[in-house]
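Student: So here's entry_14.cif (mmCIF, C-alpha atoms).
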data_run
loop_
_atom_site.label_atom_id
_atom_site.label_comp_id
_atom_site.auth_asym_id
_atom_site.auth_seq_id
_atom_site.Cartn_x
_atom_site.Cartn_y
_atom_site.Cartn_z
CA MET A 575 94.29 74.64 86.48
CA LYS A 576 92.42 77.78 85.64
CA ARG A 577 93.38 80.00 82.74
CA PHE A 578 93.56 83.74 83.14
CA SER A 579 94.73 86.66 81.01
CA LEU A 580 97.94 88.07 82.41
CA PHE A 581 98.25 91.15 80.27
CA ILE A 582 96.08 93.11 82.72
CA LEU A 583 98.51 92.39 85.54
CA LEU A 584 101.54 94.08 83.99
CA PHE A 585 104.07 92.07 85.95
CA ALA A 586 106.78 93.15 83.54
CA ALA A 587 108.63 95.29 86.05
CA LEU A 588 109.46 92.76 88.79
CA PHE A 589 113.13 93.04 89.75
CA PHE A 590 114.88 91.52 92.75
CA PHE A 591 117.24 94.21 93.94
CA ALA A 592 115.03 97.32 93.76
CA GLY A 593 115.23 99.54 96.86
CA CYS A 594 112.65 101.60 98.69
CA GLY A 595 112.82 105.14 100.07
CA GLY A 596 113.07 106.52 103.63
CA GLY A 597 111.30 108.60 106.33
CA GLY A 598 109.34 111.78 106.60
CA SER A 599 106.26 113.18 108.28
CA ASP A 600 103.50 113.16 105.69
CA TYR A 601 101.02 112.24 108.42
CA ASP A 602 98.40 114.61 107.03
CA LYS A 603 97.86 112.26 104.09
CA TYR A 604 96.55 109.47 106.24
CA GLY A 605 93.47 110.86 107.99
CA ASP A 606 92.01 109.89 111.35
CA THR A 607 92.01 106.11 111.05
CA ASP A 608 94.03 103.27 109.57
CA SER A 609 91.72 102.89 106.56
CA ASP A 610 94.36 104.21 104.14
CA ARG A 611 96.91 101.63 105.12
CA ASN A 612 95.82 99.04 102.59
CA ASP A 613 96.37 101.58 99.83
CA ASN A 614 99.99 101.86 100.92
CA ASP A 615 100.60 98.15 101.37
CA THR A 616 99.07 96.89 98.15
CA ALA A 617 100.05 97.45 94.57
CA ASP A 618 97.51 100.10 93.69
CA THR A 619 94.57 98.07 94.91
CA VAL A 620 91.85 97.96 97.56
CA PRO A 621 90.90 94.41 98.60
CA ASP A 622 87.45 93.31 97.50
CA LYS A 623 84.95 91.23 99.40
CA ASP A 624 86.54 88.01 98.17
CA SER A 625 90.01 88.92 99.40
CA SER A 626 89.41 91.30 102.29
CA ASP A 627 92.23 89.84 104.34
CA THR A 628 94.91 90.22 101.71
CA ALA A 629 97.92 92.49 101.65
CA ASP A 630 99.44 92.55 105.14
CA THR A 631 96.18 92.41 107.07
CA ALA A 632 97.77 90.26 109.77
CA GLU A 633 100.27 92.93 110.72
CA ASP A 634 97.62 95.57 111.48
CA PRO A 635 97.24 95.74 115.28
CA THR A 636 94.43 98.29 115.08
CA ASP A 637 92.02 95.36 114.84
CA THR A 638 92.84 94.41 118.44
CA ASP A 639 90.59 95.13 121.42
CA THR A 640 90.48 98.87 121.88
CA SER A 641 89.31 98.43 125.47
CA GLU A 642 92.97 98.63 126.48
CA GLN A 643 93.08 102.24 125.31
CA SER A 644 92.31 104.96 127.85
CA ASP A 645 89.28 107.19 127.52
CA ASN A 646 90.76 109.92 125.32
CA ASP A 647 93.51 111.04 127.71
CA GLY A 648 95.99 108.41 126.50
CA GLU A 649 98.38 108.84 129.45
CA THR A 650 97.80 105.49 131.14
CA THR A 651 97.74 103.63 127.84
CA ASP A 652 101.15 104.85 126.69
CA GLU A 653 102.83 104.11 130.02
CA GLU A 654 101.33 100.66 130.39
CA GLU A 655 102.00 99.61 126.82
CA THR A 656 105.56 100.92 126.96
CA ASN A 657 106.17 98.74 130.01
CA ASP A 658 104.70 95.78 128.16
CA SER A 659 107.00 96.35 125.21
CA ASP A 660 110.04 96.61 127.49
CA ALA A 661 109.15 93.28 129.06
CA ASP A 662 109.20 91.39 125.78
CA SER A 663 111.90 93.31 123.85
CA GLY A 664 109.41 95.28 121.79
CA GLU A 665 107.51 92.32 120.38
CA SER A 666 104.15 93.41 121.77
CA VAL A 667 101.74 94.38 119.00
CA ASP A 668 100.04 96.83 121.36
CA PHE A 669 103.13 99.02 121.59
CA TRP A 670 102.93 99.88 117.88
CA SER A 671 99.32 100.98 118.27
CA THR A 672 100.36 103.78 120.66
CA CYS A 673 101.53 107.27 119.77
CA GLU A 674 104.93 106.35 121.18
CA GLY A 675 104.97 103.32 118.91
CA ILE A 676 104.12 105.41 115.85
CA ILE A 677 107.00 107.80 116.58
CA ALA A 678 109.44 104.95 117.26
CA CYS A 679 108.39 103.30 114.00
CA VAL A 680 108.55 106.50 111.92
CA ASN A 681 112.02 107.24 113.26
CA ARG A 682 113.21 104.05 111.52
CA CYS A 683 111.88 105.19 108.13
CA ARG A 684 114.27 106.66 105.63
CA GLU A 685 113.97 110.29 104.66
CA ASN A 686 110.95 111.12 102.49
CA ASP A 687 109.54 107.57 102.57
CA SER A 688 105.86 108.44 102.94
CA VAL A 689 104.88 104.78 102.42
CA CYS A 690 106.88 103.71 105.46
CA VAL A 691 105.40 106.59 107.48
CA GLY A 692 101.94 105.50 106.36
CA ASP A 693 102.64 101.95 107.46
CA CYS A 694 103.69 103.14 110.91
CA TYR A 695 100.79 105.56 111.25
CA GLY A 696 98.28 102.93 110.14
CA LYS A 697 99.26 100.64 113.01
CA GLY A 698 98.14 103.22 115.55
CA SER A 699 94.81 103.29 117.31
CA ASP A 700 92.43 106.17 116.62
CA ASP A 701 93.58 107.98 119.77
CA ALA A 702 97.24 107.34 119.01
CA GLN A 703 96.86 108.73 115.50
CA LEU A 704 95.19 111.86 116.90
CA TYR A 705 97.94 112.38 119.49
CA TYR A 706 100.61 111.81 116.87
CA ARG A 707 99.13 114.36 114.48
CA ARG A 708 98.86 116.98 117.20
CA TRP A 709 102.40 116.30 118.36
CA ILE A 710 104.01 116.31 114.90
CA GLU A 711 102.24 119.56 113.98
CA CYS A 712 103.74 121.21 117.04
CA PHE A 713 107.13 119.51 116.70
CA GLU A 714 107.61 120.52 113.07
CA ASP A 715 106.52 124.07 113.86
CA LYS A 716 108.44 124.66 117.08
CA CYS A 717 111.42 122.34 116.61
CA ALA A 718 112.21 122.63 112.91
CA GLU A 719 115.80 123.59 113.75
CA ASP A 720 116.14 121.39 116.82
CA LYS A 721 114.47 118.03 116.29
CA THR A 722 115.23 116.66 119.75
CA PRO A 723 113.16 115.25 122.62
CA GLU A 724 114.30 118.21 124.73
CA CYS A 725 112.78 120.69 122.29
CA SER A 726 109.61 118.62 122.15
CA ALA A 727 109.29 118.60 125.94
CA ALA A 728 109.89 122.34 126.17
CA ASN A 729 107.58 123.42 123.37
CA CYS A 730 104.95 120.68 122.93
CA ALA A 731 104.53 119.55 126.53
CA GLU A 732 100.93 118.30 126.36
CA TRP A 733 101.37 116.04 123.36
CA ASP A 734 104.95 115.19 124.30
CA GLU A 735 103.71 113.65 127.52
CA LEU A 736 100.88 111.76 125.84
CA CYS A 737 103.29 110.35 123.25
CA ASN A 738 106.16 109.64 125.65
CA VAL A 739 108.46 111.25 123.09
CA ALA A 740 111.78 110.86 124.88
CA SER A 741 111.25 107.11 125.20
CA ALA A 742 110.10 106.86 121.58
CA PHE A 743 113.29 108.55 120.34
CA GLU A 744 115.43 106.11 122.35
CA TYR A 745 113.51 103.00 121.35
CA GLU A 746 115.67 100.27 119.87
CA VAL A 747 114.12 97.45 117.89
CA ASN A 748 115.37 93.94 118.49
CA ILE A 749 114.73 92.03 115.26
CA PRO A 750 114.87 88.29 115.94
CA ALA A 751 116.84 85.90 113.76
CA PRO A 752 115.24 83.96 112.31
CA TYR A 753 112.29 86.27 111.68
CA GLY A 754 109.98 83.43 110.63
CA ASN A 755 109.72 80.16 108.72
CA ALA A 756 108.26 79.00 105.43
CA THR A 757 107.59 75.78 103.54
CA PHE A 758 107.03 75.52 99.80
CA ALA A 759 106.19 73.08 97.02
CA GLY A 760 104.69 73.50 93.58
CA ASP A 761 103.74 71.86 90.31
CA PHE A 762 103.61 74.12 87.25
CA SER A 763 103.15 73.06 83.62
CA PHE A 764 103.42 76.46 81.97
CA ILE A 765 106.39 78.85 81.96
CA LEU A 766 105.92 82.47 80.92
CA ASN A 767 108.31 83.98 78.41
CA ASN A 768 110.33 86.54 80.36
CA VAL A 769 108.48 89.84 80.95
CA TYR A 770 105.86 89.95 78.22
CA PRO A 771 102.88 87.78 79.19
CA THR A 772 100.01 87.54 76.75
CA LYS A 773 96.40 86.46 77.10
CA GLU A 774 97.49 82.96 76.09
CA ASP A 775 99.67 82.68 79.17
CA GLN A 776 98.49 80.94 82.30
CA ILE A 777 98.47 81.67 86.00
CA GLU A 778 97.03 79.52 88.73
CA PHE A 779 94.78 80.42 91.61
CA LYS A 780 96.84 78.66 94.25
CA SER A 781 99.80 79.27 96.53
CA PHE A 782 103.12 77.44 96.51
CA ALA A 783 104.51 78.83 99.78
CA SER A 784 103.15 79.22 103.30
CA GLY A 785 104.54 80.37 106.61
CA ASN A 786 104.83 83.38 108.86
CA ILE A 787 107.05 86.39 109.46
CA SER A 788 106.49 87.26 113.09
CA SER A 789 102.69 87.77 113.25
CA MET A 790 102.18 88.14 109.48
CA SER A 791 101.20 85.24 107.25
CA ILE A 792 103.04 85.19 103.94
CA THR A 793 99.89 83.66 102.41
CA PRO A 794 96.99 85.88 103.50
CA ASP A 795 93.40 84.68 103.30
CA GLY A 796 91.60 85.32 100.04
CA THR A 797 92.45 84.78 96.39
CA ILE A 798 96.07 83.87 95.69
CA ILE A 799 97.75 83.72 92.28
CA SER A 800 101.01 82.08 91.23
CA PHE A 801 102.97 81.49 88.05
CA VAL A 802 106.45 80.66 86.73
CA ARG A 803 108.39 82.83 84.31
CA THR A 804 111.89 83.15 82.87
CA ASN A 805 113.89 86.27 83.62
CA ASN A 806 117.36 87.78 83.44
CA ASP A 807 118.46 89.03 86.84
CA SER A 808 121.36 91.45 87.22
CA ARG A 809 122.76 89.46 90.14
CA ASP A 810 121.88 85.84 89.37
CA GLY A 811 121.81 85.82 85.58
CA LYS A 812 119.22 83.67 83.82
CA VAL A 813 116.61 82.47 86.29
CA LEU A 814 113.21 80.87 86.70
CA GLU A 815 110.97 82.88 88.98
CA VAL A 816 108.02 81.38 90.83
CA TYR A 817 105.74 84.23 91.87
CA GLN A 818 102.93 84.28 94.45
CA ALA A 819 100.74 87.16 95.61
CA PRO A 820 97.28 88.02 96.94
CA TYR A 821 94.98 88.98 94.09
CA ASN A 822 92.09 91.42 94.04
CA VAL A 823 89.52 90.03 91.61
CA ALA A 824 87.48 93.24 91.55
CA THR A 825 90.37 95.51 90.52
CA GLN A 826 92.45 92.80 88.81
CA THR A 827 95.60 93.78 90.66
CA SER A 828 97.96 91.91 92.93
CA GLY A 829 98.75 92.87 96.51
CA ASN A 830 101.24 92.20 99.29
CA PRO A 831 103.14 90.34 100.57
CA VAL A 832 104.75 88.84 97.46
CA VAL A 833 106.67 85.57 97.67
CA LEU A 834 109.28 84.99 94.97
CA LEU A 835 111.36 81.84 94.52
CA ARG A 836 114.18 82.67 92.10
CA ILE A 837 116.02 79.59 90.80
CA LYS A 838 119.17 79.94 88.71
CA THR A 839 118.50 78.32 85.34
CA SER A 840 121.84 76.55 85.57
CA ALA A 841 120.64 74.93 88.81
CA ALA A 842 117.17 74.02 87.50
CA THR A 843 117.89 70.30 87.53
CA GLU A 844 116.38 67.37 89.37
CA GLY A 845 117.75 66.85 92.86
CA GLU A 846 118.40 68.67 96.13
CA HIS A 847 119.11 72.41 96.07
CA THR A 848 119.98 75.24 98.41
CA ALA A 849 118.06 78.45 98.97
CA GLY A 850 119.99 81.26 100.57
CA VAL A 851 121.48 84.74 100.46
CA ALA A 852 124.97 83.75 99.33
CA ASN A 853 125.74 84.14 95.62
CA GLU A 854 126.63 80.46 95.33
CA SER A 855 123.13 79.40 96.46
CA ASP A 856 121.01 77.68 93.81
CA ALA A 857 118.00 79.86 94.57
CA ARG A 858 116.64 82.72 96.65
CA LEU A 859 113.31 82.80 98.42
CA ILE A 860 112.20 86.39 98.92
CA VAL A 861 109.22 87.93 100.73
CA GLY A 862 108.57 91.60 100.06
CA ASP A 863 106.10 94.33 99.15
CA ILE A 864 105.62 95.65 95.63
CA ASP A 865 104.54 99.11 94.57
CA SER A 866 101.98 100.21 92.00
CA LYS A 867 104.49 99.52 89.22
CA TYR A 868 105.02 95.96 90.48
CA GLN A 869 108.58 96.61 91.59
CA PHE A 870 109.78 95.53 95.01
CA ARG A 871 109.76 98.61 97.21
CA CYS A 872 110.99 96.80 100.36
CA TYR A 873 111.84 93.35 101.66
CA HIS A 874 110.38 91.51 104.63
CA ALA A 875 112.69 88.50 104.57
CA PHE A 876 115.03 86.17 102.74
CA GLY A 877 114.92 82.40 103.17
CA ILE A 878 117.83 80.12 104.04
CA GLY A 879 117.24 76.38 103.66
CA SER A 880 116.76 73.72 101.01
CA PHE A 881 114.29 72.24 98.53
CA LYS A 882 114.06 69.48 95.92
CA ILE A 883 113.38 69.85 92.20
CA ASP A 884 111.43 66.82 91.03
CA LYS A 885 111.03 67.87 87.40
CA ALA A 886 112.37 70.77 85.36
CA VAL A 887 111.90 71.44 81.65
CA VAL A 888 113.11 74.99 81.02
CA LYS A 889 110.96 75.77 78.02
CA THR A 890 108.49 78.59 77.69
CA GLY A 891 104.84 77.93 77.04
CA SER A 892 102.90 74.74 77.65
CA GLY A 893 106.01 72.62 77.08
CA GLY A 894 107.64 74.01 80.21
CA LYS A 895 107.55 72.13 83.48
CA LEU A 896 108.67 72.89 87.04
CA THR A 897 107.85 70.66 89.98
CA PHE A 898 109.52 71.15 93.33
CA SER A 899 108.93 69.82 96.86
CA ASN A 900 110.28 69.59 100.41
CA GLY A 901 111.04 73.29 100.52
CA SER A 902 111.85 74.47 104.03
CA VAL A 903 113.57 77.73 104.98
CA GLU A 904 114.13 80.01 107.92
CA LEU A 905 113.24 83.61 107.08
CA PHE A 906 115.56 86.49 108.00
CA ASN A 907 114.82 90.21 107.97
CA PRO A 908 117.43 92.20 105.97
CA GLN A 909 118.32 94.06 109.17
CA ASN A 910 119.45 90.87 110.89
CA ILE A 911 120.96 88.09 108.78
CA PRO A 912 123.71 86.51 110.90
CA GLU A 913 125.22 84.76 107.86
CA LEU A 914 125.94 88.19 106.40
CA GLY A 915 127.08 89.75 109.67
CA GLY A 916 123.79 91.19 110.92
CA ASP A 917 122.40 94.22 109.12
CA ALA A 918 122.67 93.16 105.47
CA ARG A 919 120.70 95.94 103.78
CA GLU A 920 123.79 97.54 102.26
CA ILE A 921 125.32 94.20 101.22
CA LEU A 922 122.12 93.10 99.50
CA GLY A 923 121.29 96.57 98.21
CA VAL A 924 117.76 96.47 99.64
CA ASP A 925 115.56 98.22 102.18
CA SER A 926 113.52 96.35 104.76
CA CYS A 927 109.78 96.80 105.14
CA SER A 928 108.39 98.20 108.37
CA LEU A 929 108.88 95.82 111.25
CA ILE A 930 106.15 93.20 111.55
CA GLN A 931 105.17 92.45 115.15
#
Now, as a test, write the supplied structure out as structure tokens.
Tutor:
Amino acid sequence: MKRFSLFILLFAALFFFAGCGGGGSDYDKYGDTDSDRNDNDTADTVPDKDSSDTADTAEDPTDTDTSEQSDNDGETTDEEETNDSDADSGESVDFWSTCEGIIACVNRCRENDSVCVGDCYGKGSDDAQLYYRRWIECFEDKCAEDKTPECSAANCAEWDELCNVASAFEYEVNIPAPYGNATFAGDFSFILNNVYPTKEDQIEFKSFASGNISSMSITPDGTIISFVRTNNDSRDGKVLEVYQAPYNVATQTSGNPVVLLRIKTSAATEGEHTAGVANESDARLIVGDIDSKYQFRCYHAFGIGSFKIDKAVVKTGSGGKLTFSNGSVELFNPQNIPELGGDAREILGVDSCSLIQ
């Protein structure tokens, strides 16, 4: 186990039920390419050469073959990719790289959530981003009082056609349930004291959880850190939290996605345990994105399944011990958790991250 000073990480502000904002059209902040997207998806960090694939890299479809894009006119591309998305219920990555896809994605963002807008914009190809910027400039100018596809078609015809605006406004996302799967196991011999780590505290350069949410790995390539700490959660009371995140060595900051296993202290005993969304569950496994203040800004998924605690000594410092194994959960997006009746964002008091395809 490697030792590392935690005081530089400032993980003091991690809370489970912290929401994120909603939509807007701050497209002008993002430039001509998707290069700004990592700034939005990581906690105030730009991945270094040792962790270039961290923080949601897998969900970025702009790395796909651009040969499928048309030569600057965009008309054929949008029509073909829309047909592809219809054929597989919107699960085609290529759809989200089109101008139509950007608009459909942005329309799901909550008001004034520039981070969500940046996520959507960053998924677009260079051409799609250009078309989107031209369209939104016209749309906000000509249709400020009538934000409808009809106004767009009447006043922004050129870009409306390239972006297939009417279809984008009608697009409905089918979020599968489950949204992914994860397995987890860990062996930790140091427990941090609540929210005030010191340079005597220890983290480990290893992961405890692996799996996928749609096309995104919850354990991206590169440097990964993990640790256990005590905490007092407003919903679950006293808990042990096992934290995992990509880590940027150059900037000494953590990135996204974050995996958090929150175990109720009262349930931190040897034996079989449940992980779920119900209050009576022994633990919660959460996958989400944190902001620059290390608070969860949105949630990708919650796990429902089981795991085994092999050893638990709830004591801070080097006398603490937490060993768990056989963890296996199905992951559910907050917008579709059948156990909670489907869209559970209001019940859980959380916002979901942009859809991962």
Student: Would you pick out the contacts of segment 834-851 of chain A at 8 Å or less, using all atoms listed in the file, so that residues sharing its chain but fewer than 6 positions from it are not included, and give the list as an MDAnalysis selection string?
Tutor: chainID A and resid 810:818 857:861 876:886 888 903
Student: Have a look at A:Leu914, A:Ile710, A:Ile765, A:Ile798 and name the one nearest to Asn830 of chain A; count all atoms listed in the file.
Tutor: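 Result for the nearest residue to Asn830 of chain A: A:Ile798.
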Student: Could you tell me how far atom CA of Tyr705 of chain A lies from atom CA of Cys683 of chain A, in Å and to one decimal?
Tutor: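 According to the coordinates, atom CA of Tyr705 of chain A and atom CA of Cys683 of chain A are separated by 19.4 Å.
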Student: Rounded to one decimal, what separation in Å do you get between atom CA of Thr757 of chain A and atom CA of Ala783 of chain A?
Tutor: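 These atoms are spaced 5.7 Å apart.
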Student: Which of these residues is nearest to Ser784 of chain A, using all atoms listed in the file: A:Leu905, A:Cys712, A:Cys717, A:Ala751?
Tutor: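 Of A:Leu905, A:Cys712, A:Cys717, A:Ala751, the one nearest Ser784 of chain A, counting all atoms listed in the file, is A:Leu905.
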Student: Using Å and a single decimal, report how far atom CA of Glu920 of chain A sits from atom CA of Lys867 of chain A.
Tutor: 23.4 Å
Student: List the residues matched by the PyMOL selection byres ((chain A and resi 736-749) around 6) in the displayed structure as a ChimeraX atom specification, ordered by chain and then by residue number.
Tutor: /A:648-649,673-674,677-678,723,733-735,750
Student: For this structure, which residues satisfy the selection - the PyMOL selection byres ((chain A and resi 908) around 8) - when it is evaluated on the file as given? I want them as number ranges by chain.
Tutor: A: 873-876, 906-907, 909-911, 917-919, 924-926
Student: Keeping only C-alpha atoms, write the selected residues as a PDB file, keeping the file's coordinate frame.
Tutor:
ATOM      1  CA  TYR A 873     111.840  93.350 101.660  1.00  0.00           C
ATOM      2  CA  HIS A 874     110.380  91.510 104.630  1.00  0.00           C
ATOM      3  CA  ALA A 875     112.690  88.500 104.570  1.00  0.00           C
ATOM      4  CA  PHE A 876     115.030  86.170 102.740  1.00  0.00           C
ATOM      5  CA  PHE A 906     115.560  86.490 108.000  1.00  0.00           C
ATOM      6  CA  ASN A 907     114.820  90.210 107.970  1.00  0.00           C
ATOM      7  CA  GLN A 909     118.320  94.060 109.170  1.00  0.00           C
ATOM      8  CA  ASN A 910     119.450  90.870 110.890  1.00  0.00           C
ATOM      9  CA  ILE A 911     120.960  88.090 108.780  1.00  0.00           C
ATOM     10  CA  ASP A 917     122.400  94.220 109.120  1.00  0.00           C
ATOM     11  CA  ALA A 918     122.670  93.160 105.470  1.00  0.00           C
ATOM     12  CA  ARG A 919     120.700  95.940 103.780  1.00  0.00           C
ATOM     13  CA  VAL A 924     117.760  96.470  99.640  1.00  0.00           C
ATOM     14  CA  ASP A 925     115.560  98.220 102.180  1.00  0.00           C
ATOM     15  CA  SER A 926     113.520  96.350 104.760  1.00  0.00           C
TER      16      SER A 926
END
Student: Point out the residue among A:Gly901, A:Gly829, A:Pro794, A:Gly692 with the least atom-to-atom distance to Ala759 of chain A, counting all atoms listed in the file.
Tutor: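 With all atoms listed in the file as the atom set, the closest residue is A:Gly901.
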Student: Run the PyMOL selection byres ((chain A and resi 760) around 8) on the file and write out the hits as a list in words.
Tutor: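 When the PyMOL selection byres ((chain A and resi 760) around 8) is applied to the shown file, the picked residues are Phe758, Ala759, Asp761, Phe762, Phe782, Leu896, Thr897, Phe898 and Ser899 of chain A.
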Student: Take the point (100.6, 102.9, 114.2) in the file's coordinates, draw a sphere of radius 7 Å around it, and report as a short mmCIF file (atom, residue, chain, number, x, y, z; two decimals) with C-alpha atoms, in the frame of the given file every protein, DNA or RNA residue with an atom inside or on it, counting all atoms listed in the file.
Tutor:
data_model
loop_
_atom_site.label_atom_id
_atom_site.label_comp_id
_atom_site.auth_asym_id
_atom_site.auth_seq_id
_atom_site.Cartn_x
_atom_site.Cartn_y
_atom_site.Cartn_z
CA TRP A 670 102.93 99.88 117.88
CA SER A 671 99.32 100.98 118.27
CA THR A 672 100.36 103.78 120.66
CA GLY A 675 104.97 103.32 118.91
CA ILE A 676 104.12 105.41 115.85
CA CYS A 694 103.69 103.14 110.91
CA TYR A 695 100.79 105.56 111.25
CA GLY A 696 98.28 102.93 110.14
CA LYS A 697 99.26 100.64 113.01
CA GLY A 698 98.14 103.22 115.55
CA SER A 699 94.81 103.29 117.31
#
Student: Restricting the calculation to only C-alpha atoms: of A:Asp701, A:Cys730, A:Gly894, A:Tyr706, which residue gets closest to Cys679 of chain A?
Tutor: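 Looking only at the distances to Cys679 of chain A, the closest residue turns out to be A:Tyr706.
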